[in-house]
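Undergrad: What follows is model-v3.txt; its format and atoms are compact mmCIF, C-alpha atoms.
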# COMPACT_ATOMS: atom_id res chain seq x y z
CA MET Y 1 -60.57 201.14 265.09
CA GLU Y 2 -63.83 199.28 265.13
CA TYR Y 3 -64.69 196.27 267.22
CA LYS Y 4 -65.44 193.16 265.15
CA ASP Y 5 -68.04 190.72 266.36
CA TYR Y 6 -66.60 187.50 264.99
CA TYR Y 7 -69.49 185.43 266.31
CA LYS Y 8 -72.00 187.64 264.54
CA ILE Y 9 -69.99 187.54 261.30
CA MET Y 10 -70.08 183.74 261.43
CA GLY Y 11 -73.69 183.63 262.60
CA VAL Y 12 -72.95 181.39 265.57
CA ALA Y 13 -73.68 181.69 269.29
CA ARG Y 14 -70.86 182.60 271.66
CA ASP Y 15 -70.99 179.12 273.13
CA ALA Y 16 -70.89 177.36 269.75
CA SER Y 17 -68.76 174.23 269.63
CA GLN Y 18 -65.63 174.07 267.46
CA ASP Y 19 -67.56 171.77 265.13
CA ASP Y 20 -70.39 174.27 264.82
CA ILE Y 21 -67.89 176.95 263.96
CA LYS Y 22 -66.28 174.84 261.30
CA ARG Y 23 -69.65 173.98 259.77
CA ALA Y 24 -70.73 177.61 259.79
CA TYR Y 25 -67.48 178.60 258.15
CA ARG Y 26 -67.74 176.03 255.39
CA LYS Y 27 -71.30 176.97 254.64
CA LEU Y 28 -70.63 180.71 254.46
CA ALA Y 29 -67.36 180.20 252.60
CA ARG Y 30 -69.21 178.34 249.88
CA LYS Y 31 -71.74 181.17 249.72
CA TYR Y 32 -69.29 184.06 249.60
CA HIS Y 33 -66.21 182.59 247.94
CA PRO Y 34 -65.28 185.14 245.28
CA ASP Y 35 -64.78 182.43 242.67
CA VAL Y 36 -68.23 181.04 243.26
CA SER Y 37 -70.40 183.86 244.48
CA LYS Y 38 -72.30 186.50 242.59
CA GLU Y 39 -73.46 188.10 245.84
CA PRO Y 40 -72.64 191.78 246.01
CA GLN Y 41 -69.76 192.42 248.38
CA ALA Y 42 -68.80 188.75 248.25
CA GLU Y 43 -65.12 189.52 248.41
CA VAL Y 44 -65.46 191.77 251.46
CA ARG Y 45 -67.69 189.28 253.23
CA PHE Y 46 -65.29 186.45 252.43
CA LYS Y 47 -62.35 188.32 253.90
CA GLU Y 48 -64.27 189.15 257.08
CA LEU Y 49 -65.28 185.55 257.34
CA GLY Y 50 -61.71 184.31 256.91
CA GLU Y 51 -60.58 186.61 259.67
CA ALA Y 52 -63.39 185.57 262.01
CA TYR Y 53 -62.66 181.90 261.39
CA GLU Y 54 -58.96 182.43 261.91
CA VAL Y 55 -59.73 183.57 265.44
CA LEU Y 56 -62.61 181.30 266.39
CA LYS Y 57 -61.21 178.06 265.01
CA ASP Y 58 -58.11 178.37 267.15
CA PRO Y 59 -58.94 177.68 270.80
CA GLU Y 60 -56.09 179.90 272.00
CA LYS Y 61 -57.15 182.88 269.96
CA ARG Y 62 -60.81 182.27 270.71
CA VAL Y 63 -60.25 182.30 274.47
CA ALA Y 64 -58.22 185.47 274.12
CA TYR Y 65 -60.93 187.10 272.03
CA ASP Y 66 -63.62 186.03 274.51
CA GLN Y 67 -61.65 187.76 277.26
CA LEU Y 68 -62.60 191.08 275.72
CA GLY Y 69 -66.05 190.43 277.12
CA THR Y 70 -69.50 190.56 275.67
CA ASN Y 71 -70.23 194.22 276.05
CA TRP Y 72 -68.75 195.26 272.75
CA LYS Y 73 -70.98 195.94 269.78
CA ALA Y 74 -69.97 195.40 266.19
CA ASN Y 75 -68.38 198.50 264.64
CA GLN Y 76 -68.07 200.17 268.04
CA GLU Y 77 -64.91 202.22 268.50
CA PHE Y 78 -62.39 199.86 270.02
CA ARG Y 79 -59.17 200.19 272.01
CA PRO Y 80 -57.55 197.05 273.36
CA PRO Y 81 -57.50 197.04 277.18
CA PRO Y 82 -54.07 197.91 278.61
CA ASP Y 83 -53.50 194.49 280.12
CA TRP Y 84 -54.59 192.78 276.92
CA ASN Y 85 -52.53 189.86 275.82
CA ALA Y 86 -50.90 189.40 279.23
CA GLY Y 87 -50.45 185.75 279.86
CA PHE Y 88 -51.23 184.63 276.36
CA GLU Y 89 -48.82 183.08 274.06
CA PHE Y 90 -49.85 182.37 270.53
CA SER Y 91 -48.43 179.60 268.54
CA GLU Y 92 -48.45 180.31 264.85
CA ARG Y 93 -49.73 177.03 263.64
CA GLY Y 94 -52.23 176.70 260.90
CA PHE Y 95 -51.97 180.19 259.66
CA PRO Y 96 -53.04 180.84 256.09
CA GLY Y 97 -50.64 182.37 253.62
CA GLY Y 98 -50.37 185.77 252.00
CA ASP Y 99 -54.01 186.51 252.55
CA ALA Y 100 -53.28 187.56 256.12
CA SER Y 101 -51.98 190.91 254.94
CA GLN Y 102 -55.59 191.84 254.44
CA TYR Y 103 -56.78 191.28 257.98
CA SER Y 104 -58.31 194.23 259.79
CA ASP Y 105 -56.62 196.65 262.17
CA PHE Y 106 -58.77 195.14 264.88
CA PHE Y 107 -57.28 191.71 264.26
CA GLU Y 108 -53.82 193.19 264.16
CA SER Y 109 -54.23 195.04 267.44
CA LEU Y 110 -55.21 191.82 269.17
CA PHE Y 111 -52.91 189.30 267.61
CA GLY Y 112 -50.07 191.43 266.48
CA ARG Y 113 -48.33 192.16 263.26
CA SER Y 114 -46.13 189.16 263.41
CA PHE Y 115 -49.09 187.18 262.17
CA ARG Y 116 -49.15 189.09 258.99
CA SER Y 117 -47.05 187.91 256.16
CA GLY Y 118 -46.18 190.01 253.19
CA GLY Y 119 -48.36 188.45 250.59
CA GLY Y 120 -49.13 190.09 247.35
CA GLY Y 121 -52.68 191.28 247.18
CA TYR Y 122 -53.93 194.59 245.94
CA GLY Y 123 -57.09 196.59 245.92
CA GLY Y 124 -59.76 194.70 244.12
CA ALA Y 125 -57.56 191.74 243.41
CA THR Y 126 -57.29 188.64 245.48
CA SER Y 127 -53.94 187.52 246.64
CA ASP Y 128 -52.64 184.05 246.37
CA ARG Y 129 -51.94 181.73 249.13
CA GLY Y 130 -49.69 178.79 248.80
CA ALA Y 131 -46.28 177.47 249.30
CA SER Y 132 -44.14 180.42 248.38
CA GLY Y 133 -46.04 183.03 250.39
CA ARG Y 134 -44.78 182.15 253.81
CA GLY Y 135 -41.48 183.87 254.28
CA GLY Y 136 -38.61 182.22 256.04
CA ALA Y 137 -37.03 181.95 252.66
CA SER Y 138 -33.41 181.24 251.96
CA PHE Y 139 -31.55 183.30 249.41
CA HIS Y 140 -31.96 183.70 245.67
CA ILE Y 141 -35.64 183.04 245.57
CA PRO Y 142 -37.42 184.74 242.72
CA GLY Y 143 -39.94 187.39 243.77
CA GLU Y 144 -43.58 186.50 243.91
CA ASP Y 145 -45.81 187.12 240.95
CA HIS Y 146 -48.51 189.68 241.52
CA TYR Y 147 -52.04 189.86 240.22
CA ALA Y 148 -54.72 192.34 239.53
CA LYS Y 149 -57.91 192.44 237.58
CA ILE Y 150 -58.52 195.31 235.20
CA MET Y 151 -61.58 196.45 233.31
CA ILE Y 152 -61.28 197.62 229.73
CA ASP Y 153 -63.74 198.39 226.95
CA LEU Y 154 -64.41 196.07 224.04
CA GLU Y 155 -63.20 198.79 221.67
CA ASP Y 156 -59.78 198.73 223.40
CA SER Y 157 -59.34 195.18 222.23
CA TYR Y 158 -59.94 196.19 218.60
CA THR Y 159 -57.43 199.00 218.63
CA GLY Y 160 -55.07 198.28 221.49
CA ALA Y 161 -54.89 200.92 224.19
CA THR Y 162 -52.69 202.41 226.86
CA ARG Y 163 -54.09 202.48 230.36
CA THR Y 164 -52.73 203.87 233.58
CA ILE Y 165 -53.48 201.52 236.38
CA THR Y 166 -52.89 202.07 240.06
CA LEU Y 167 -52.26 199.06 242.24
CA GLN Y 168 -52.26 199.05 246.02
CA VAL Y 169 -49.25 197.00 246.97
CA PRO Y 170 -48.80 195.95 250.58
CA GLY Y 171 -45.26 196.15 251.81
CA VAL Y 172 -43.23 196.69 254.94
CA ASP Y 173 -41.74 200.12 255.52
CA VAL Y 174 -38.42 200.98 257.16
CA GLN Y 175 -39.99 200.93 260.63
CA GLY Y 176 -41.23 197.45 259.95
CA ARG Y 177 -44.84 198.56 259.70
CA VAL Y 178 -47.19 197.14 257.17
CA SER Y 179 -48.37 199.76 254.75
CA THR Y 180 -49.68 199.92 251.25
CA ARG Y 181 -48.13 202.03 248.58
CA GLU Y 182 -49.39 202.94 245.17
CA HIS Y 183 -47.82 201.34 242.19
CA LYS Y 184 -48.68 203.28 239.04
CA LEU Y 185 -48.16 201.65 235.70
CA ASN Y 186 -48.79 202.66 232.13
CA VAL Y 187 -49.75 199.48 230.42
CA VAL Y 188 -50.11 198.88 226.73
CA ILE Y 189 -53.13 196.62 226.38
CA PRO Y 190 -52.40 194.47 223.34
CA ARG Y 191 -54.82 194.38 220.44
CA GLY Y 192 -56.88 191.22 220.33
CA ILE Y 193 -57.11 190.69 224.08
CA ARG Y 194 -60.15 188.66 225.16
CA PRO Y 195 -62.04 188.60 228.44
CA LYS Y 196 -60.51 186.35 231.10
CA GLN Y 197 -57.13 186.30 229.45
CA TYR Y 198 -54.04 187.24 231.39
CA ILE Y 199 -51.38 189.59 230.24
CA ARG Y 200 -47.94 189.44 231.72
CA LEU Y 201 -45.70 192.36 232.61
CA ALA Y 202 -42.27 190.93 233.15
CA GLY Y 203 -40.42 192.06 236.26
CA GLN Y 204 -43.31 194.09 237.70
CA GLY Y 205 -44.09 191.72 240.56
CA ALA Y 206 -42.51 191.45 243.98
CA PRO Y 207 -38.79 192.01 244.50
CA SER Y 208 -36.73 188.91 244.93
CA HIS Y 209 -35.05 187.59 248.01
CA GLY Y 210 -31.35 187.73 247.37
CA ARG Y 211 -30.24 187.63 243.78
CA GLY Y 212 -33.29 185.94 242.32
CA LYS Y 213 -35.39 187.33 239.53
CA ARG Y 214 -38.06 189.89 240.25
CA GLY Y 215 -41.59 188.51 240.05
CA ASP Y 216 -43.97 189.25 237.20
CA LEU Y 217 -47.26 191.08 237.25
CA TYR Y 218 -50.25 189.35 235.73
CA LEU Y 219 -53.33 191.33 234.83
CA GLU Y 220 -56.59 189.52 234.32
CA ILE Y 221 -58.72 191.27 231.73
CA GLU Y 222 -62.43 191.89 232.12
CA PHE Y 223 -64.58 193.81 229.67
CA ARG Y 224 -66.96 196.45 230.94
CA PRO Y 225 -70.52 195.49 230.04
CA HIS Y 226 -71.39 197.17 226.77
CA PRO Y 227 -74.83 198.64 226.10
CA HIS Y 228 -75.03 197.09 222.62
CA TYR Y 229 -72.44 194.38 222.14
CA ARG Y 230 -71.88 191.12 223.91
CA VAL Y 231 -68.79 188.99 223.70
CA GLU Y 232 -68.56 185.23 223.61
CA ASP Y 233 -64.94 184.12 223.51
CA LYS Y 234 -63.64 185.87 220.38
CA ASP Y 235 -67.01 186.47 218.76
CA VAL Y 236 -68.97 189.66 219.17
CA TYR Y 237 -72.77 189.88 218.95
CA LEU Y 238 -75.13 192.73 218.22
CA ASP Y 239 -78.92 192.71 218.31
CA LEU Y 240 -80.05 194.78 215.34
CA PRO Y 241 -83.60 196.12 215.24
CA VAL Y 242 -85.14 196.10 211.75
CA ALA Y 243 -88.51 197.22 210.41
CA PRO Y 244 -90.90 194.47 209.22
CA TRP Y 245 -90.59 195.57 205.57
CA GLU Y 246 -86.77 195.57 205.77
CA ALA Y 247 -86.87 192.00 206.99
CA ALA Y 248 -89.56 190.96 204.52
CA LEU Y 249 -88.27 192.60 201.37
CA GLY Y 250 -84.59 192.71 202.09
CA ALA Y 251 -82.69 195.95 202.56
CA THR Y 252 -79.30 197.49 203.02
CA VAL Y 253 -79.10 199.09 206.46
CA LYS Y 254 -76.42 200.74 208.55
CA ALA Y 255 -75.17 198.81 211.56
CA PRO Y 256 -72.62 199.78 214.21
CA THR Y 257 -69.55 197.65 214.87
CA PRO Y 258 -66.74 198.34 217.34
CA GLU Y 259 -64.68 199.42 214.33
CA GLY Y 260 -67.26 201.80 212.93
CA ILE Y 261 -70.48 201.79 210.94
CA VAL Y 262 -70.93 199.20 208.22
CA GLU Y 263 -73.53 198.73 205.50
CA LEU Y 264 -75.29 195.46 205.97
CA LYS Y 265 -77.43 193.53 203.51
CA ILE Y 266 -80.55 192.04 205.06
CA PRO Y 267 -81.67 189.07 202.95
CA PRO Y 268 -85.37 189.06 201.96
CA ASP Y 269 -87.80 187.01 204.05
CA SER Y 270 -85.71 187.22 207.24
CA ALA Y 271 -87.27 186.48 210.61
CA THR Y 272 -86.37 187.62 214.10
CA GLY Y 273 -83.35 185.71 215.39
CA ARG Y 274 -81.69 185.37 212.00
CA LYS Y 275 -77.94 185.61 212.43
CA LEU Y 276 -75.83 187.40 209.89
CA ARG Y 277 -72.11 186.76 210.15
CA LEU Y 278 -69.35 189.16 209.31
CA LYS Y 279 -66.41 186.83 209.13
CA GLY Y 280 -63.26 187.94 210.89
CA ARG Y 281 -64.86 191.11 212.27
CA GLY Y 282 -64.92 189.86 215.86
CA ILE Y 283 -62.02 190.30 218.23
CA PRO Y 284 -58.86 190.60 216.12
CA GLY Y 285 -56.02 188.10 216.29
CA LYS Y 286 -54.15 185.48 214.33
CA THR Y 287 -57.47 183.72 213.92
CA PRO Y 288 -59.88 186.56 214.49
CA GLY Y 289 -63.37 186.05 215.86
CA ASP Y 290 -66.55 186.73 213.92
CA TYR Y 291 -69.09 189.48 214.26
CA TYR Y 292 -72.71 188.38 214.43
CA VAL Y 293 -75.70 190.56 213.84
CA VAL Y 294 -78.90 189.09 215.22
CA LEU Y 295 -82.02 190.52 213.63
CA ARG Y 296 -84.92 191.64 215.73
CA ILE Y 297 -88.07 192.81 213.98
CA VAL Y 298 -89.61 195.87 215.55
CA PRO Y 299 -93.17 196.76 214.45
CA PRO Y 300 -94.09 200.42 214.14
CA PRO Y 301 -96.44 201.50 216.96
CA ALA Y 302 -100.19 201.37 216.28
CA ASN Y 303 -100.87 204.62 218.05
CA ASP Y 304 -103.11 206.47 215.64
CA GLU Y 305 -106.05 205.69 213.42
CA THR Y 306 -104.09 205.48 210.13
CA ALA Y 307 -101.62 203.03 211.64
CA LYS Y 308 -104.43 200.94 213.14
CA SER Y 309 -106.30 200.79 209.85
CA PHE Y 310 -103.07 199.74 208.15
CA TYR Y 311 -102.65 196.85 210.61
CA ARG Y 312 -106.30 195.91 210.06
CA SER Y 313 -105.78 195.71 206.32
CA MET Y 314 -102.66 193.60 206.95
CA ALA Y 315 -104.73 191.24 209.05
CA GLU Y 316 -107.25 191.07 206.26
CA HIS Y 317 -104.54 190.41 203.71
CA PHE Y 318 -102.74 187.68 205.71
CA LYS Y 319 -105.90 185.91 206.79
CA SER Y 320 -104.42 182.44 206.40
CA PHE Y 321 -101.18 183.27 208.29
CA ASN Y 322 -101.00 181.49 211.63
CA PRO Y 323 -97.98 182.62 213.70
CA ARG Y 324 -98.75 179.85 216.24
CA ALA Y 325 -98.97 177.00 213.74
CA LYS Y 326 -96.00 175.24 215.38
CA LEU Y 327 -97.76 175.29 218.74
CA GLY Y 328 -100.66 173.35 217.27
CA VAL Y 329 -103.22 176.06 217.97
CA GLN Y 330 -105.62 177.58 215.54
CA ALA Y 331 -105.12 181.19 214.57
CA MET O 1 -42.96 210.94 239.52
CA THR O 2 -40.49 208.77 241.33
CA ASP O 3 -40.89 205.61 243.30
CA LYS O 4 -40.74 206.51 246.98
CA ASN O 5 -40.03 203.04 248.20
CA PRO O 6 -36.38 202.88 249.22
CA PRO O 7 -34.46 200.21 247.38
CA ARG O 8 -33.78 197.30 249.67
CA THR O 9 -30.90 195.59 247.99
CA SER O 10 -28.77 196.55 245.06
CA ASN O 11 -30.48 193.88 243.01
CA ASP O 12 -33.90 195.17 243.77
CA LYS O 13 -34.61 197.39 240.82
CA PRO O 14 -37.32 199.84 241.77
CA ALA O 15 -40.36 199.82 239.57
CA GLU O 16 -40.19 203.19 237.85
CA PRO O 17 -43.31 204.49 236.20
CA GLN O 18 -42.76 203.83 232.54
CA VAL O 19 -44.15 205.10 229.33
CA GLY O 20 -46.34 202.34 227.98
CA LEU O 21 -45.01 199.14 229.50
CA SER O 22 -45.62 196.46 226.97
CA ALA O 23 -47.40 193.35 227.98
CA ILE O 24 -47.86 190.00 226.35
CA ILE O 25 -51.07 188.02 226.20
CA ILE O 26 -50.78 184.55 227.66
CA ASP O 27 -52.32 182.57 224.81
CA GLU O 28 -51.46 179.90 222.26
CA GLN O 29 -48.53 181.95 221.00
CA HIS O 30 -47.15 182.91 224.39
CA THR O 31 -47.63 179.99 226.71
CA LEU O 32 -46.40 179.29 230.22
CA THR O 33 -44.12 176.42 231.17
CA LEU O 34 -44.85 174.19 234.14
CA ALA O 35 -42.38 176.19 236.26
CA GLU O 36 -43.87 179.52 235.19
CA LEU O 37 -47.41 178.39 235.83
CA SER O 38 -46.51 177.03 239.28
CA HIS O 39 -44.77 180.25 240.20
CA ALA O 40 -47.65 182.34 238.87
CA CYS O 41 -50.14 180.35 240.93
CA ALA O 42 -47.84 180.23 243.99
CA VAL O 43 -48.05 176.45 244.18
CA GLN O 44 -45.53 173.63 243.90
CA SER O 45 -45.18 172.16 240.41
CA GLY O 46 -46.31 168.83 241.92
CA TYR O 47 -49.70 170.40 242.48
CA ILE O 48 -50.01 171.38 238.81
CA ILE O 49 -49.03 167.83 237.84
CA GLU O 50 -51.81 166.53 240.10
CA LEU O 51 -54.28 168.86 238.37
CA VAL O 52 -53.21 167.52 234.99
CA ASP O 53 -53.52 163.93 236.24
CA GLU O 54 -57.01 164.65 237.48
CA GLY O 55 -57.94 166.05 234.06
CA LEU O 56 -58.51 169.50 235.50
CA LEU O 57 -55.88 171.03 233.28
CA THR O 58 -55.02 170.08 229.74
CA PRO O 59 -51.60 171.26 228.62
CA GLU O 60 -51.33 172.49 225.06
CA THR O 61 -48.77 169.85 224.10
CA ALA O 62 -50.17 166.38 224.02
CA ASP O 63 -47.28 164.36 225.43
CA GLU O 64 -48.37 163.89 228.99
CA HIS O 65 -45.28 161.98 230.05
CA GLU O 66 -43.00 164.91 229.62
CA PRO O 67 -44.12 167.62 232.04
CA HIS O 68 -41.15 169.81 231.16
CA ARG O 69 -42.59 170.18 227.69
CA TRP O 70 -46.07 171.11 228.82
CA ARG O 71 -47.33 174.54 227.82
CA PHE O 72 -50.30 176.38 229.30
CA THR O 73 -52.56 179.25 228.24
CA SER O 74 -54.65 181.77 230.16
CA THR O 75 -57.55 179.35 230.37
CA GLN O 76 -55.38 176.79 232.16
CA MET O 77 -53.94 179.43 234.43
CA ARG O 78 -57.34 180.65 235.45
CA ARG O 79 -58.44 177.11 236.24
CA ALA O 80 -55.29 176.37 238.23
CA ARG O 81 -55.67 179.50 240.33
CA MET O 82 -59.32 178.81 241.00
CA ALA O 83 -58.58 175.20 241.87
CA SER O 84 -55.96 176.08 244.45
CA ARG O 85 -58.14 178.78 245.99
CA LEU O 86 -61.21 176.56 246.16
CA GLN O 87 -59.20 173.75 247.67
CA ASN O 88 -57.61 175.95 250.31
CA ASP O 89 -60.69 177.90 251.22
CA LEU O 90 -63.46 175.35 251.02
CA GLY O 91 -61.61 172.22 252.04
CA ILE O 92 -62.71 170.14 249.07
CA ASN O 93 -60.67 167.41 247.43
CA LEU O 94 -59.46 167.43 243.85
CA ALA O 95 -62.42 165.50 242.46
CA GLY O 96 -64.74 167.99 244.14
CA VAL O 97 -62.76 170.90 242.77
CA ALA O 98 -62.98 169.41 239.28
CA LEU O 99 -66.75 169.16 239.58
CA ALA O 100 -67.02 172.67 241.01
CA LEU O 101 -64.99 174.12 238.13
CA GLN O 102 -67.06 172.32 235.54
CA LEU O 103 -70.30 173.54 237.06
CA LEU O 104 -69.00 177.07 237.51
CA GLU O 105 -68.06 177.20 233.84
CA GLU O 106 -71.52 175.98 232.87
CA VAL O 107 -73.13 178.58 235.11
CA GLU O 108 -71.03 181.26 233.51
CA VAL O 109 -72.18 180.31 230.01
CA LEU O 110 -75.79 180.23 231.16
CA ARG O 111 -75.46 183.62 232.87
CA THR O 112 -74.11 185.18 229.68
CA ARG O 113 -77.03 183.75 227.70
CA LEU O 114 -79.50 184.92 230.31
CA GLU O 115 -78.09 188.43 230.28
CA ALA O 116 -78.43 188.50 226.50
CA MET O 117 -82.05 187.37 226.73
CA ASP O 118 -82.91 189.83 229.48
CA ARG O 119 -81.77 192.63 227.25
CA GLU O 120 -84.44 191.94 224.65
Show me this structure written as structure tokens.
TA:
Amino acid sequence: MEYKDYYKIMGVARDASQDDIKRAYRKLARKYHPDVSKEPQAEVRFKELGEAYEVLKDPEKRVAYDQLGTNWKANQEFRPPPDWNAGFEFSERGFPGGDASQYSDFFESLFGRSFRSGGGGYGGATSDRGASGRGGASFHIPGEDHYAKIMIDLEDSYTGATRTITLQVPGVDVQGRVSTREHKLNVVIPRGIRPKQYIRLAGQGAPSHGRGKRGDLYLEIEFRPHPHYRVEDKDVYLDLPVAPWEAALGATVKAPTPEGIVELKIPPDSATGRKLRLKGRGIPGKTPGDYYVVLRIVPPPANDETAKSFYRSMAEHFKSFNPRAKLGVQA
Amino acid sequence: MTDKNPPRTSNDKPAEPQVGLSAIIIDEQHTLTLAELSHACAVQSGYIIELVDEGLLTPETADEHEPHRWRFTSTQMRRARMASRLQNDLGINLAGVALALQLLEEVEVLRTRLEAMDRE
């Protein structure tokens, strides 16, 4: 097990006041909160931070942690001293909810397992904290709902797909130890699913207390970034390169769509940025989205003498054409 | 493959690996009730009502005086979950959460546009 330097994680001095610690926490929490942050590793950093704050904000835990001394280095191999914890009694006030199941072994070795509660988080997914996560429940309480985020491809939404997903579910084993087990599910991803939508798998969440209903499993859908397509709500966009003469004279060209290749009519005198809409060819559904092709004119390279002389004769021919007329500058 | 977790009570049906578990999309056709949304977000229903009062959530049905008839979609669920997390983790009040959500949604739209432009 590795030693965790909670002061270093929070970027405060060992003699920082409780106010300093709170300020540091708020500031870093805003920076690394997974809902807010685009920093890499935000989720990991945020968890570390939550754990560090859990210890340092509580004077009892902080004193206990300080007792370990200052000779430890972050990530150093750590064993709690034999007399550790003697004379300390921790009150459990102010403890956050289900999240605690994700604290480190280091935290657990110092403050014990009793601090952990069996919340429902899994690998990659954040768990929820809130009223129902705190145990001490009476009977017939429905099981908690579980969450996970899954990545699918845009094409899966057009066709529907079956995916095997593996969730890491924390639980308590027969010896009362906290462990994670794998929960494998074959899920039919419905056709027409859009990014950021949830799908619900009834009865796949946490078991109930007593005779209540088993919780549900919600999966939040994300699309893997696609090399060609981009998705806005139910509409799908493609940038389509066209040759100058195709745009100028009009043409029928082949264009890819998530459902296969289509023949597309380019109207004459098109410019870069022109949007062509294929109605109803976006993400399918009761009211399907649209598919937009955005034209982008690509000039042939002027890399040999024939090509250069062709461009020169074009320049000659279009003498009066000023591409910067709108900017109020002379050609 | 079998589920190794020993069943805890007779009512606790173990989750067997299934062939193609079907799932429903939470959308306009399959909405969540107030109770379902609260349970899904692990909050009291009073909290969801507060979010509606603050204008953070807009139920699908218009009649705001009858919470038991409210229906919510994925969009609302995502907002509710984010709101409760932001409130718990960052210690901001509801008005602050509402502003944060609005700005986050704007940032998201801008990021998508920016990514599209960077590709050109």
Undergrad: Which value, in Å to one decimal, gives the distance between atom CA of Pro299 of chain Y and atom CA of Leu238 of chain Y?
TA: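 Straight-line distance from atom CA of Pro299 of chain Y to atom CA of Leu238 of chain Y works out to 18.9 Å.
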Undergrad: Could you list, as a ChimeraX atom specification, every residue of chain Y that has an atom within 7 Å of an atom of chain O, counting all atoms listed in the file?
TA: /Y:26,29-30,35,128-132,145,162,184-190,193,197-201,204,207-208,211
Undergrad: Work out how far apart atom CA of Ser320 of chain Y and atom CA of Ala248 of chain Y are and give it in Å to one decimal.
TA: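 That distance, rounded to one decimal, is 17.2 Å.
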Undergrad: Within 9 Å of (-63.1, 185.9, 257.2), all atoms listed in the file: residues as a PyMOL selection string?
TA: chain Y and resi 6+9-10+25+29+44-54+103
Undergrad: Work out how far apart atom CA of Leu57 of chain O and atom CA of Leu154 of chain Y are and give it in Å to one decimal.
TA: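 Value for the atom CA of Leu57 of chain O-atom CA of Leu154 of chain Y distance: 28.0 Å.
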